[in-house]
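**Student:** Dumping the structure here so I can ask a few things about it.
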There are 2 protein chains.
Amino acid sequence: MNREKQLRDFLLHGDKIYMPRVSVDCVIFGFHEDQLKVLLLRWKDGRWCLPGGFVKWDESVDDSAVRTLQERTALNNIYLQQFHTFGAPDRERGKKLKDIPDSKKSWLRDRFVSVGYYALVEFSKVHPLPDWLSDECRWCDIHKVPALIYDHNEMVETALEKLRMSLNDHPVGYNLLQEKFTMPELQRLYETILDKPLDRRNFQKKMLSLGILERLKERKTGGAHKAPFLYRFDKKKYERAMKQGLKLGF
Amino acid sequence: MNREKQLRDFLLHGDKIYMPRVSVDCVIFGFHEDQLKVLLLRWKDGRWCLPGGFVKWDESVDDSAVRTLQERTALNNIYLQQFHTFGAPDRERGKKLKDIPDSKKSWLRDRFVSVGYYALVEFSKVHPLPDWLSDECRWCDIHKVPALIYDHNEMVETALEKLRMSLNDHPVGYNLLQEKFTMPELQRLYETILDKPLDRRNFQKKMLSLGILERLKERKTGGAHKAPFLYRFDKKKYERAMKQGLKLGF
DNA sequence: TATTCATTGTGTTATCAATACGCAATAAGA
DNA sequence: TCTTATTGCGTATTGATAACACAATGAATA
(Lines give C-alpha, C1' and ligand atoms only; values in the text may rest on other atoms or scores of the structure.)
Protein backbone atom coordinates (compact mmCIF):
# COMPACT_ATOMS: atom_id res chain seq x y z
CA MET A 1 0.00 0.00 0.00
CA ASN A 2 1.32 3.38 -0.98
CA ARG A 3 0.20 5.28 2.09
CA GLU A 4 1.87 2.80 4.39
CA LYS A 5 5.16 3.22 2.58
CA GLN A 6 4.74 6.98 2.78
CA LEU A 7 4.16 6.82 6.53
CA ARG A 8 7.13 4.53 7.07
CA ASP A 9 9.36 6.80 5.06
CA PHE A 10 8.15 9.80 7.04
CA LEU A 11 8.85 8.06 10.34
CA LEU A 12 12.32 6.92 9.44
CA HIS A 13 13.62 9.72 7.24
CA GLY A 14 11.44 12.74 7.96
CA ASP A 15 14.30 14.26 9.91
CA LYS A 16 16.12 14.92 6.68
CA ILE A 17 13.45 17.51 5.90
CA TYR A 18 12.07 18.42 9.29
CA MET A 19 13.80 19.56 12.46
CA PRO A 20 13.09 17.14 15.33
CA ARG A 21 11.84 18.19 18.80
CA VAL A 22 9.91 21.25 17.59
CA SER A 23 6.40 21.32 16.17
CA VAL A 24 3.75 23.92 15.41
CA ASP A 25 0.05 23.89 16.21
CA CYS A 26 -2.59 26.32 14.98
CA VAL A 27 -5.86 27.43 16.51
CA ILE A 28 -7.76 28.73 13.49
CA PHE A 29 -10.69 30.96 14.41
CA GLY A 30 -13.65 31.64 12.15
CA PHE A 31 -17.05 33.27 12.69
CA HIS A 32 -20.28 31.87 11.30
CA GLU A 33 -23.95 32.14 12.25
CA ASP A 34 -23.11 34.22 15.33
CA GLN A 35 -20.72 31.57 16.61
CA LEU A 36 -16.97 31.52 17.03
CA LYS A 37 -15.50 28.39 15.44
CA VAL A 38 -12.18 26.56 15.43
CA LEU A 39 -10.90 24.26 12.72
CA LEU A 40 -10.23 20.68 13.86
CA LEU A 41 -8.81 17.54 12.25
CA ARG A 42 -10.00 13.99 12.82
CA TRP A 43 -7.26 11.40 12.67
CA LYS A 44 -7.74 8.02 11.08
CA ASP A 45 -8.00 6.52 14.57
CA GLY A 46 -10.91 8.82 15.38
CA ARG A 47 -9.19 11.24 17.72
CA TRP A 48 -9.49 14.99 17.22
CA CYS A 49 -6.62 17.46 17.14
CA LEU A 50 -5.53 20.90 16.02
CA PRO A 51 -3.95 21.44 12.61
CA GLY A 52 -0.22 21.34 13.05
CA GLY A 53 3.02 20.42 11.46
CA PHE A 54 6.76 20.31 11.67
CA VAL A 55 9.45 22.85 10.95
CA LYS A 56 11.64 22.37 7.89
CA TRP A 57 15.34 22.75 8.50
CA ASP A 58 15.56 25.86 6.35
CA GLU A 59 12.31 27.59 7.25
CA SER A 60 11.43 29.75 10.26
CA VAL A 61 8.95 28.55 12.85
CA ASP A 62 6.62 31.35 11.76
CA ASP A 63 6.84 30.19 8.14
CA SER A 64 6.00 26.65 9.08
CA ALA A 65 2.84 27.95 10.73
CA VAL A 66 1.99 29.88 7.56
CA ARG A 67 2.53 26.73 5.52
CA THR A 68 0.32 24.69 7.84
CA LEU A 69 -2.40 27.30 7.54
CA GLN A 70 -2.24 27.36 3.77
CA GLU A 71 -2.37 23.59 3.54
CA ARG A 72 -5.48 23.35 5.74
CA THR A 73 -7.47 26.33 4.50
CA ALA A 74 -6.16 27.03 0.97
CA LEU A 75 -5.86 30.68 2.00
CA ASN A 76 -3.04 33.16 1.62
CA ASN A 77 -2.36 36.31 3.63
CA ILE A 78 -3.72 34.94 6.87
CA TYR A 79 -3.64 36.95 10.08
CA LEU A 80 -1.39 34.87 12.31
CA GLN A 81 -0.16 35.39 15.83
CA GLN A 82 2.24 33.32 17.90
CA PHE A 83 0.68 33.08 21.36
CA HIS A 84 2.49 30.51 23.53
CA THR A 85 4.95 27.64 23.50
CA PHE A 86 3.98 24.40 25.17
CA GLY A 87 6.87 22.47 26.64
CA ALA A 88 5.75 20.00 29.30
CA PRO A 89 7.89 16.86 29.18
CA ASP A 90 4.87 14.56 29.02
CA ARG A 91 2.68 16.65 26.75
CA GLU A 92 2.59 13.96 24.07
CA ARG A 93 2.09 11.04 26.37
CA GLY A 94 -0.30 8.63 24.78
CA LYS A 95 -0.46 6.06 22.12
CA LYS A 96 1.59 7.92 19.57
CA LEU A 97 3.35 5.65 17.10
CA LYS A 98 1.86 2.54 18.64
CA ASP A 99 1.77 -0.48 16.36
CA ILE A 100 3.99 1.20 13.83
CA PRO A 101 7.02 -0.85 12.81
CA ASP A 102 10.47 0.68 13.31
CA SER A 103 8.93 3.44 15.42
CA LYS A 104 11.70 3.06 17.97
CA LYS A 105 14.17 4.43 15.49
CA SER A 106 11.96 7.33 14.45
CA TRP A 107 12.83 10.99 14.95
CA LEU A 108 9.24 11.37 16.22
CA ARG A 109 9.87 9.05 19.16
CA ASP A 110 10.89 11.46 21.92
CA ARG A 111 9.20 14.53 23.26
CA PHE A 112 8.35 17.59 21.18
CA VAL A 113 7.97 21.21 22.17
CA SER A 114 5.13 22.88 20.30
CA VAL A 115 4.82 26.53 19.33
CA GLY A 116 1.18 27.66 19.33
CA TYR A 117 -0.27 30.12 16.83
CA TYR A 118 -3.76 31.42 16.41
CA ALA A 119 -5.18 32.59 13.11
CA LEU A 120 -8.18 34.71 12.18
CA VAL A 121 -9.82 33.80 8.89
CA GLU A 122 -12.91 34.71 6.93
CA PHE A 123 -15.16 31.70 7.38
CA SER A 124 -16.80 31.79 3.98
CA LYS A 125 -13.51 31.77 2.10
CA VAL A 126 -12.10 28.68 3.79
CA HIS A 127 -12.15 25.26 2.15
CA PRO A 128 -11.04 22.91 4.95
CA LEU A 129 -8.66 20.21 3.77
CA PRO A 130 -7.60 17.19 5.84
CA ASP A 131 -3.92 16.24 5.84
CA TRP A 132 -2.64 12.82 4.89
CA LEU A 133 -3.01 11.51 8.43
CA SER A 134 -6.61 12.65 8.78
CA ASP A 135 -10.03 11.73 7.48
CA GLU A 136 -11.76 14.99 8.11
CA CYS A 137 -11.15 18.69 8.62
CA ARG A 138 -14.08 20.71 9.87
CA TRP A 139 -15.27 23.68 11.86
CA CYS A 140 -16.33 23.21 15.45
CA ASP A 141 -18.19 25.61 17.71
CA ILE A 142 -15.83 27.04 20.32
CA HIS A 143 -18.19 25.95 23.09
CA LYS A 144 -18.48 22.39 21.79
CA VAL A 145 -14.85 21.40 21.27
CA PRO A 146 -14.50 17.65 21.94
CA ALA A 147 -11.61 16.03 23.82
CA LEU A 148 -8.48 16.63 21.78
CA ILE A 149 -5.15 14.80 21.82
CA TYR A 150 -2.25 15.80 24.07
CA ASP A 151 -2.62 19.31 25.46
CA HIS A 152 -4.60 20.65 22.51
CA ASN A 153 -7.63 21.56 24.60
CA GLU A 154 -5.38 23.73 26.74
CA MET A 155 -4.05 25.32 23.55
CA VAL A 156 -7.56 26.30 22.45
CA GLU A 157 -8.27 27.83 25.86
CA THR A 158 -5.02 29.78 25.92
CA ALA A 159 -5.49 30.99 22.35
CA LEU A 160 -8.97 32.28 23.18
CA GLU A 161 -7.64 34.12 26.23
CA LYS A 162 -4.92 35.77 24.18
CA LEU A 163 -7.40 36.68 21.46
CA ARG A 164 -9.57 38.33 24.11
CA MET A 165 -6.64 40.34 25.40
CA SER A 166 -5.67 41.49 21.92
CA LEU A 167 -9.22 42.63 21.25
CA ASN A 168 -8.52 46.07 22.62
CA ASP A 169 -5.57 46.69 20.35
CA HIS A 170 -6.56 44.82 17.20
CA PRO A 171 -9.98 45.16 15.58
CA VAL A 172 -10.35 41.49 14.86
CA GLY A 173 -13.48 42.10 12.85
CA TYR A 174 -11.25 43.05 9.97
CA ASN A 175 -10.01 39.48 9.69
CA LEU A 176 -13.00 37.46 10.83
CA LEU A 177 -15.90 39.10 9.01
CA GLN A 178 -16.81 39.28 5.35
CA GLU A 179 -15.99 42.48 3.52
CA LYS A 180 -19.45 43.92 4.07
CA PHE A 181 -21.15 43.44 7.40
CA THR A 182 -23.78 45.03 9.62
CA MET A 183 -23.27 46.62 13.00
CA PRO A 184 -25.25 43.88 14.80
CA GLU A 185 -22.99 41.28 13.19
CA LEU A 186 -19.89 43.08 14.39
CA GLN A 187 -21.38 43.36 17.86
CA ARG A 188 -22.23 39.68 18.07
CA LEU A 189 -18.66 38.86 17.08
CA TYR A 190 -17.38 40.88 20.03
CA GLU A 191 -19.98 39.40 22.35
CA THR A 192 -19.04 35.89 21.32
CA ILE A 193 -15.33 36.41 21.86
CA LEU A 194 -15.77 38.23 25.14
CA ASP A 195 -18.58 35.92 26.20
CA LYS A 196 -20.65 38.76 27.61
CA PRO A 197 -23.44 41.03 26.34
CA LEU A 198 -22.72 44.59 25.25
CA ASP A 199 -25.06 47.54 25.02
CA ARG A 200 -26.14 47.90 21.41
CA ARG A 201 -26.14 51.68 21.32
CA ASN A 202 -22.90 52.26 23.17
CA PHE A 203 -21.20 49.65 21.02
CA GLN A 204 -22.21 51.37 17.83
CA LYS A 205 -21.14 54.74 19.18
CA LYS A 206 -17.70 53.48 20.13
CA MET A 207 -17.11 51.64 16.88
CA LEU A 208 -18.09 54.63 14.77
CA SER A 209 -15.97 56.95 16.91
CA LEU A 210 -12.86 54.99 15.92
CA GLY A 211 -13.31 56.34 12.42
CA ILE A 212 -12.26 53.14 10.71
CA LEU A 213 -15.65 52.10 9.33
CA GLU A 214 -17.24 53.21 6.11
CA ARG A 215 -21.00 53.11 5.91
CA LEU A 216 -22.32 51.94 2.54
CA LYS A 217 -25.52 53.11 0.91
CA GLU A 218 -26.85 49.58 0.78
CA ARG A 219 -28.76 47.96 3.58
CA LYS A 220 -29.01 44.30 4.42
CA THR A 221 -32.53 43.27 3.47
CA GLY A 222 -34.23 39.92 3.91
CA GLY A 223 -34.22 39.92 7.69
CA ALA A 224 -37.54 39.96 9.48
CA HIS A 225 -37.15 43.50 10.80
CA LYS A 226 -35.70 46.90 10.07
CA ALA A 227 -32.93 46.60 7.51
CA PRO A 228 -29.54 47.53 9.00
CA PHE A 229 -26.85 49.45 7.16
CA LEU A 230 -23.87 47.64 5.70
CA TYR A 231 -20.36 48.72 6.67
CA ARG A 232 -16.85 47.88 5.60
CA PHE A 233 -13.47 48.72 7.05
CA ASP A 234 -11.72 51.73 5.54
CA LYS A 235 -8.32 50.18 5.06
CA LYS A 236 -6.34 53.43 5.08
CA LYS A 237 -7.98 54.83 8.18
CA TYR A 238 -7.83 51.40 9.75
CA GLU A 239 -4.08 51.16 9.35
CA ARG A 240 -3.52 54.71 10.47
CA ALA A 241 -5.52 54.04 13.63
CA MET A 242 -3.68 50.77 14.25
CA LYS A 243 -0.31 52.50 14.27
CA GLN A 244 -1.41 54.79 17.06
CA GLY A 245 -2.94 51.89 18.92
CA LEU A 246 -6.67 51.56 19.29
CA LYS A 247 -8.17 51.72 22.72
CA LEU A 248 -11.43 49.86 22.73
CA GLY A 249 -11.75 49.24 26.44
CA PHE A 250 -14.37 46.53 26.66
CA MET B 1 42.98 20.89 31.31
CA ASN B 2 39.84 20.05 33.18
CA ARG B 3 37.62 22.70 31.71
CA GLU B 4 38.53 21.67 28.17
CA LYS B 5 37.56 18.12 28.90
CA GLN B 6 34.31 19.32 30.42
CA LEU B 7 33.52 21.34 27.29
CA ARG B 8 34.35 18.45 25.00
CA ASP B 9 32.15 16.12 26.99
CA PHE B 10 29.31 18.64 26.88
CA LEU B 11 29.64 19.01 23.13
CA LEU B 12 29.71 15.31 22.39
CA HIS B 13 27.44 13.84 25.04
CA GLY B 14 25.31 16.70 26.31
CA ASP B 15 22.36 15.29 24.39
CA LYS B 16 22.10 12.48 26.92
CA ILE B 17 20.96 15.10 29.44
CA TYR B 18 19.61 17.90 27.30
CA MET B 19 17.04 17.89 24.52
CA PRO B 20 18.60 19.18 21.28
CA ARG B 21 17.06 21.91 19.08
CA VAL B 22 15.37 23.80 21.95
CA SER B 23 16.96 26.36 24.25
CA VAL B 24 15.80 28.93 26.76
CA ASP B 25 16.86 32.56 27.17
CA CYS B 26 15.99 34.89 30.03
CA VAL B 27 15.69 38.67 30.13
CA ILE B 28 16.10 39.40 33.83
CA PHE B 29 14.88 42.83 34.83
CA GLY B 30 15.99 44.68 37.95
CA PHE B 31 15.57 48.25 39.16
CA HIS B 32 18.37 50.25 40.76
CA GLU B 33 19.12 53.97 41.14
CA ASP B 34 16.07 54.93 39.09
CA GLN B 35 17.20 52.77 36.20
CA LEU B 36 15.80 49.61 34.69
CA LYS B 37 18.54 46.99 34.34
CA VAL B 38 19.01 43.65 32.60
CA LEU B 39 21.41 40.92 33.62
CA LEU B 40 24.02 40.04 30.98
CA LEU B 41 26.79 37.45 30.67
CA ARG B 42 30.20 37.98 29.09
CA TRP B 43 31.59 34.92 27.36
CA LYS B 44 35.24 33.99 27.49
CA ASP B 45 35.60 35.34 23.94
CA GLY B 46 34.36 38.74 25.08
CA ARG B 47 30.89 38.68 23.50
CA TRP B 48 27.82 39.54 25.57
CA CYS B 49 24.65 37.49 25.78
CA LEU B 50 21.53 36.79 27.80
CA PRO B 51 21.52 34.12 30.48
CA GLY B 52 20.18 30.96 28.93
CA GLY B 53 20.35 27.24 28.96
CA PHE B 54 19.08 23.98 27.61
CA VAL B 55 16.11 21.82 28.47
CA LYS B 56 16.68 18.53 30.25
CA TRP B 57 14.88 15.56 28.77
CA ASP B 58 12.68 15.14 31.84
CA GLU B 59 12.00 18.78 32.73
CA SER B 60 9.49 21.23 31.28
CA VAL B 61 10.65 24.24 29.31
CA ASP B 62 9.30 26.46 32.09
CA ASP B 63 11.31 24.56 34.67
CA SER B 64 14.48 24.92 32.67
CA ALA B 65 13.94 28.69 32.72
CA VAL B 66 13.46 28.57 36.49
CA ARG B 67 16.68 26.57 36.81
CA THR B 68 18.58 29.06 34.65
CA LEU B 69 17.28 31.89 36.79
CA GLN B 70 18.31 30.24 40.00
CA GLU B 71 21.76 29.45 38.71
CA ARG B 72 22.42 33.08 37.65
CA THR B 73 20.81 34.96 40.54
CA ALA B 74 20.77 32.51 43.46
CA LEU B 75 17.12 33.41 43.97
CA ASN B 76 14.05 31.28 44.43
CA ASN B 77 10.41 32.16 43.78
CA ILE B 78 11.14 34.41 40.86
CA TYR B 79 8.38 36.08 38.88
CA LEU B 80 8.79 34.55 35.44
CA GLN B 81 6.85 35.01 32.24
CA GLN B 82 7.23 33.29 28.90
CA PHE B 83 6.96 36.04 26.28
CA HIS B 84 7.95 34.77 22.82
CA THR B 85 9.66 31.96 20.95
CA PHE B 86 12.38 32.83 18.47
CA GLY B 87 12.64 30.46 15.55
CA ALA B 88 14.42 32.02 12.59
CA PRO B 89 16.51 29.39 10.77
CA ASP B 90 19.65 31.53 10.87
CA ARG B 91 19.22 32.99 14.34
CA GLU B 92 22.47 31.41 15.56
CA ARG B 93 24.56 32.15 12.53
CA GLY B 94 28.02 33.14 13.61
CA LYS B 95 31.14 31.65 14.91
CA LYS B 96 29.54 29.17 17.25
CA LEU B 97 31.68 26.10 17.90
CA LYS B 98 34.48 27.37 15.70
CA ASP B 99 37.87 25.91 16.44
CA ILE B 100 36.40 23.26 18.68
CA PRO B 101 37.44 19.70 17.81
CA ASP B 102 34.71 17.20 16.97
CA SER B 103 32.18 20.02 16.81
CA LYS B 104 30.73 18.53 13.62
CA LYS B 105 29.41 15.62 15.59
CA SER B 106 27.95 17.77 18.35
CA TRP B 107 24.26 17.95 19.17
CA LEU B 108 24.79 21.75 19.30
CA ARG B 109 25.73 21.92 15.64
CA ASP B 110 22.43 22.61 13.93
CA ARG B 111 19.87 25.32 14.54
CA PHE B 112 18.08 25.88 17.84
CA VAL B 113 14.71 27.38 18.56
CA SER B 114 14.78 29.49 21.71
CA VAL B 115 11.93 30.14 24.12
CA GLY B 116 12.19 33.61 25.66
CA TYR B 117 11.26 34.40 29.27
CA TYR B 118 11.45 37.60 31.20
CA ALA B 119 11.90 37.75 34.95
CA LEU B 120 11.34 40.48 37.52
CA VAL B 121 13.71 40.39 40.50
CA GLU B 122 14.56 42.53 43.49
CA PHE B 123 17.87 44.06 42.54
CA SER B 124 19.38 44.15 46.01
CA LYS B 125 18.81 40.46 46.62
CA VAL B 126 20.57 39.25 43.50
CA HIS B 127 24.11 37.90 43.53
CA PRO B 128 24.98 37.58 39.84
CA LEU B 129 26.87 34.41 39.04
CA PRO B 130 28.59 33.69 35.71
CA ASP B 131 28.14 30.21 34.21
CA TRP B 132 31.04 27.96 33.25
CA LEU B 133 31.26 29.46 29.77
CA SER B 134 31.39 33.04 31.02
CA ASP B 135 33.81 35.34 32.79
CA GLU B 136 31.32 37.82 34.10
CA CYS B 137 27.67 38.28 34.98
CA ARG B 138 26.53 41.80 35.61
CA TRP B 139 23.70 44.30 35.44
CA CYS B 140 23.41 46.62 32.47
CA ASP B 141 21.27 49.71 32.06
CA ILE B 142 18.40 48.99 29.68
CA HIS B 143 19.36 51.99 27.56
CA LYS B 144 23.00 50.95 27.31
CA VAL B 145 22.77 47.32 26.26
CA PRO B 146 25.79 46.48 24.06
CA ALA B 147 25.68 44.36 20.90
CA LEU B 148 24.64 40.87 21.96
CA ILE B 149 25.10 37.54 20.21
CA TYR B 150 22.54 36.08 17.80
CA ASP B 151 19.13 37.71 18.15
CA HIS B 152 19.50 38.56 21.83
CA ASN B 153 19.12 42.30 21.30
CA GLU B 154 15.78 41.62 19.65
CA MET B 155 14.86 39.50 22.66
CA VAL B 156 15.52 42.37 25.06
CA GLU B 157 13.40 44.70 22.94
CA THR B 158 10.52 42.25 22.72
CA ALA B 159 10.66 41.47 26.44
CA LEU B 160 10.48 45.17 27.29
CA GLU B 161 7.49 45.63 25.00
CA LYS B 162 5.68 42.74 26.63
CA LEU B 163 6.55 44.02 30.08
CA ARG B 164 5.05 47.37 29.13
CA MET B 165 1.87 45.74 27.95
CA SER B 166 1.54 43.70 31.13
CA LEU B 167 1.98 46.81 33.25
CA ASN B 168 -1.74 47.49 33.26
CA ASP B 169 -2.65 44.08 34.59
CA HIS B 170 0.30 43.28 36.84
CA PRO B 171 1.68 45.71 39.42
CA VAL B 172 5.29 44.96 38.64
CA GLY B 173 6.47 47.02 41.57
CA TYR B 174 5.66 44.07 43.77
CA ASN B 175 8.49 42.10 42.17
CA LEU B 176 10.99 44.79 41.26
CA LEU B 177 11.11 46.96 44.38
CA GLN B 178 12.36 46.29 47.87
CA GLU B 179 9.78 45.50 50.51
CA LYS B 180 9.58 49.09 51.68
CA PHE B 181 9.59 51.87 49.13
CA THR B 182 8.43 55.43 48.66
CA MET B 183 5.83 56.73 46.26
CA PRO B 184 8.42 58.63 44.18
CA GLU B 185 10.42 55.43 43.82
CA LEU B 186 7.37 53.55 42.58
CA GLN B 187 6.61 56.36 40.18
CA ARG B 188 10.10 56.41 38.73
CA LEU B 189 9.87 52.67 38.16
CA TYR B 190 6.76 53.18 36.08
CA GLU B 191 8.28 56.12 34.25
CA THR B 192 11.37 54.11 33.41
CA ILE B 193 9.45 51.15 32.05
CA LEU B 194 7.00 53.29 30.10
CA ASP B 195 9.72 55.73 29.09
CA LYS B 196 7.50 58.75 29.67
CA PRO B 197 6.85 61.17 32.53
CA LEU B 198 3.78 60.83 34.72
CA ASP B 199 2.05 63.44 36.83
CA ARG B 200 3.20 63.01 40.41
CA ARG B 201 -0.14 63.78 42.09
CA ASN B 202 -2.32 61.77 39.73
CA PHE B 203 0.04 58.84 39.97
CA GLN B 204 -0.18 58.79 43.76
CA LYS B 205 -3.97 59.10 43.62
CA LYS B 206 -4.32 56.16 41.24
CA MET B 207 -1.93 53.92 43.13
CA LEU B 208 -3.61 54.55 46.45
CA SER B 209 -7.06 54.05 44.92
CA LEU B 210 -6.11 50.49 44.03
CA GLY B 211 -6.09 49.74 47.74
CA ILE B 212 -3.13 47.40 47.58
CA LEU B 213 -0.61 49.63 49.35
CA GLU B 214 -0.06 49.94 53.07
CA ARG B 215 1.41 53.17 54.33
CA LEU B 216 3.91 52.71 57.14
CA LYS B 217 4.47 55.10 60.00
CA GLU B 218 8.11 55.52 59.06
CA ARG B 219 9.37 58.05 56.59
CA LYS B 220 12.44 57.84 54.43
CA THR B 221 14.85 60.37 55.87
CA GLY B 222 18.28 61.37 54.63
CA GLY B 223 17.16 62.88 51.36
CA ALA B 224 17.71 66.58 50.80
CA HIS B 225 14.05 67.53 51.11
CA LYS B 226 10.74 66.64 52.66
CA ALA B 227 10.84 63.06 53.90
CA PRO B 228 8.41 60.84 51.95
CA PHE B 229 6.31 58.09 53.53
CA LEU B 230 7.32 54.48 53.15
CA TYR B 231 4.85 51.98 51.69
CA ARG B 232 4.69 48.27 51.20
CA PHE B 233 2.31 46.02 49.27
CA ASP B 234 -0.52 44.50 51.29
CA LYS B 235 -0.19 40.96 50.02
CA LYS B 236 -3.78 39.90 50.74
CA LYS B 237 -5.37 42.92 49.14
CA TYR B 238 -2.84 42.71 46.34
CA GLU B 239 -3.82 39.17 45.45
CA ARG B 240 -7.52 39.89 45.77
CA ALA B 241 -7.15 42.82 43.38
CA MET B 242 -5.09 40.74 40.95
CA LYS B 243 -7.82 38.13 40.61
CA GLN B 244 -10.29 40.74 39.48
CA GLY B 245 -7.73 42.24 37.14
CA LEU B 246 -6.24 45.63 37.82
CA LYS B 247 -6.88 48.43 35.40
CA LEU B 248 -4.10 50.94 35.62
CA GLY B 249 -4.57 52.63 32.27
CA PHE B 250 -1.28 54.46 31.76
C1' DT C 1 -54.72 48.42 4.20
C1' DA C 2 -53.91 49.03 8.93
C1' DT C 3 -51.79 47.05 12.93
C1' DT C 4 -48.34 44.68 15.48
C1' DC C 5 -43.72 43.59 16.70
C1' DA C 6 -38.90 43.01 16.99
C1' DT C 7 -35.16 45.44 15.65
C1' DT C 8 -32.36 49.52 14.16
C1' DG C 9 -30.66 54.54 14.28
C1' DT C 10 -30.02 58.47 17.06
C1' DG C 11 -30.13 60.86 20.67
C1' DT C 12 -29.74 62.58 26.26
C1' DT C 13 -28.37 62.20 30.88
C1' DA C 14 -25.84 60.58 34.83
C1' DT C 15 -21.81 58.58 36.57
C1' DC C 16 -17.15 57.63 36.84
C1' DA C 17 -12.21 58.15 35.48
C1' DA C 18 -8.32 60.86 33.77
C1' DT C 19 -5.96 65.20 33.43
C1' DA C 20 -4.32 69.61 34.71
C1' DC C 21 -3.29 72.41 38.19
C1' DG C 22 -2.98 75.13 43.19
C1' DC C 23 -1.09 75.35 47.65
C1' DA C 24 0.41 74.35 52.26
C1' DA C 25 3.80 71.33 54.82
C1' DT C 26 8.47 69.81 55.47
C1' DA C 27 13.53 68.40 55.65
C1' DA C 28 18.03 69.91 54.64
C1' DG C 29 21.24 73.48 53.46
C1' DA C 30 22.54 78.39 53.26
C1' DT D 1 15.89 82.07 60.11
C1' DC D 2 15.25 81.90 55.35
C1' DT D 3 15.48 79.50 50.99
C1' DT D 4 14.65 75.61 48.08
C1' DA D 5 13.19 71.44 46.16
C1' DT D 6 10.15 68.07 47.23
C1' DT D 7 6.03 65.87 49.29
C1' DG D 8 1.01 65.36 50.57
C1' DC D 9 -3.47 66.63 49.72
C1' DG D 10 -7.07 68.95 47.28
C1' DT D 11 -10.06 71.01 43.39
C1' DA D 12 -11.69 72.19 38.64
C1' DT D 13 -12.06 70.60 34.15
C1' DT D 14 -12.34 67.56 30.73
C1' DG D 15 -13.37 63.19 28.68
C1' DA D 16 -15.04 58.50 28.55
C1' DT D 17 -18.37 55.06 29.90
C1' DA D 18 -22.83 53.36 31.29
C1' DA D 19 -27.75 53.63 31.49
C1' DC D 20 -31.79 54.65 29.34
C1' DA D 21 -35.68 57.09 25.99
C1' DC D 22 -37.81 57.21 21.68
C1' DA D 23 -38.76 57.52 16.86
C1' DA D 24 -38.09 54.91 12.41
C1' DT D 25 -38.38 50.77 9.74
C1' DG D 26 -39.57 46.40 7.38
C1' DA D 27 -41.83 42.19 7.54
C1' DA D 28 -45.55 39.48 9.43
C1' DT D 29 -50.36 39.52 10.70
C1' DA D 30 -55.13 40.71 11.01
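Letters for chains follow the order of the C-alpha coordinates (A, B, ...), residue numbers begin at 1 for each chain, and ligand numbers begin at 1 in the order shown.
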What's around Tyr231 (chain A) at 10 Å? Count only C-alpha atoms (C1' of nucleotides), leave out sequence neighbours fewer than 5 positions away in its own chain, and write the answer as a ChimeraX atom specification.

**Tutor:** /A:179-183,186,213-220

**Student:** Considering only C-alpha atoms (C1' of nucleotides), tabulate each residue of chain A that lies at most 10 Å from chain D along with its nearest interatomic pair and the corresponding distance in Å to one decimal; arrange the rows by chain and ascending residue number and present them as JSON lines.

**Tutor:**
```
{"residue": "A:Asp199", "atom": "CA", "partner": "D:DA18", "partner_atom": "C1'", "distance": 8.8}
{"residue": "A:Asn202", "atom": "CA", "partner": "D:DA18", "partner_atom": "C1'", "distance": 8.2}
{"residue": "A:Lys206", "atom": "CA", "partner": "D:DT17", "partner_atom": "C1'", "distance": 9.9}
{"residue": "A:Thr221", "atom": "CA", "partner": "D:DG26", "partner_atom": "C1'", "distance": 8.6}
{"residue": "A:Gly222", "atom": "CA", "partner": "D:DA27", "partner_atom": "C1'", "distance": 8.7}
{"residue": "A:Gly223", "atom": "CA", "partner": "D:DA27", "partner_atom": "C1'", "distance": 7.9}
{"residue": "A:Ala224", "atom": "CA", "partner": "D:DA27", "partner_atom": "C1'", "distance": 5.2}
{"residue": "A:His225", "atom": "CA", "partner": "D:DG26", "partner_atom": "C1'", "distance": 5.1}
{"residue": "A:Lys226", "atom": "CA", "partner": "D:DT25", "partner_atom": "C1'", "distance": 4.7}
{"residue": "A:Ala227", "atom": "CA", "partner": "D:DG26", "partner_atom": "C1'", "distance": 6.7}
{"residue": "A:Pro228", "atom": "CA", "partner": "D:DT25", "partner_atom": "C1'", "distance": 9.4}
{"residue": "A:Gly249", "atom": "CA", "partner": "D:DT17", "partner_atom": "C1'", "distance": 9.5}
{"residue": "A:Phe250", "atom": "CA", "partner": "D:DT17", "partner_atom": "C1'", "distance": 10.0}
```

**Student:** Any idea what's packed within 12 Å of Gln70 (chain A), counting only C-alpha atoms (C1' of nucleotides), ignoring anything in its chain fewer than 3 positions away? Could you give it as a list in words?

**Tutor:**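 My list of contacting residues is Cys26, Ile28, Pro51, Gly52, Gly53, Asp63, Ser64, Ala65, Val66, Arg67, Thr73, Ala74, Leu75, Asn76, Asn77, Ile78, Tyr79, Leu80, Ala119, Val121, Val126, His127, Pro128, Leu129, Pro130 and Asp131 of chain A.
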
**Student:** Would you give me, as a ChimeraX atom specification, the residues in region 147-249 of chain A that DSSP reads as alpha helix (DSSP H)?

**Tutor:** /A:152-166,173-176,183-194,200-209,235-244

**Student:** Produce a table with one row for each residue of chain C that has an atom at most 7 Å from any atom of chain B, each row naming the nearest atom pair and its distance in Å at one decimal; use only C-alpha atoms (C1' of nucleotides); arrange rows by chain and rising residue number; format as JSON lines.

**Tutor:**
```
{"residue": "C:DT26", "atom": "C1'", "partner": "B:Lys226", "partner_atom": "CA", "distance": 4.8}
{"residue": "C:DA27", "atom": "C1'", "partner": "B:Lys226", "partner_atom": "CA", "distance": 4.5}
{"residue": "C:DA28", "atom": "C1'", "partner": "B:Ala224", "partner_atom": "CA", "distance": 5.1}
```

**Student:** Restricting the calculation to only C-alpha atoms: of B:His13, B:His170, B:Lys125, B:Arg21, which residue gets closest to chain A?

**Tutor:**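 Answer, going by the shortest atom-to-atom distance: B:Arg21.
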
**Student:** Which residue is closest to chain A? Choose from B:Gly87, B:Gly30, B:Pro171, B:Gly14 and count only C-alpha atoms.

**Tutor:** B:Gly87

**Student:** Residues of chain B were defined as contacting chain A if any atom lay at most 6 Å from it, counting only C-alpha atoms; please report them as a list in words.

**Tutor:** Asp58, Glu59, Ser60, Val61, Gly87, Ala88 and Pro89 of chain B
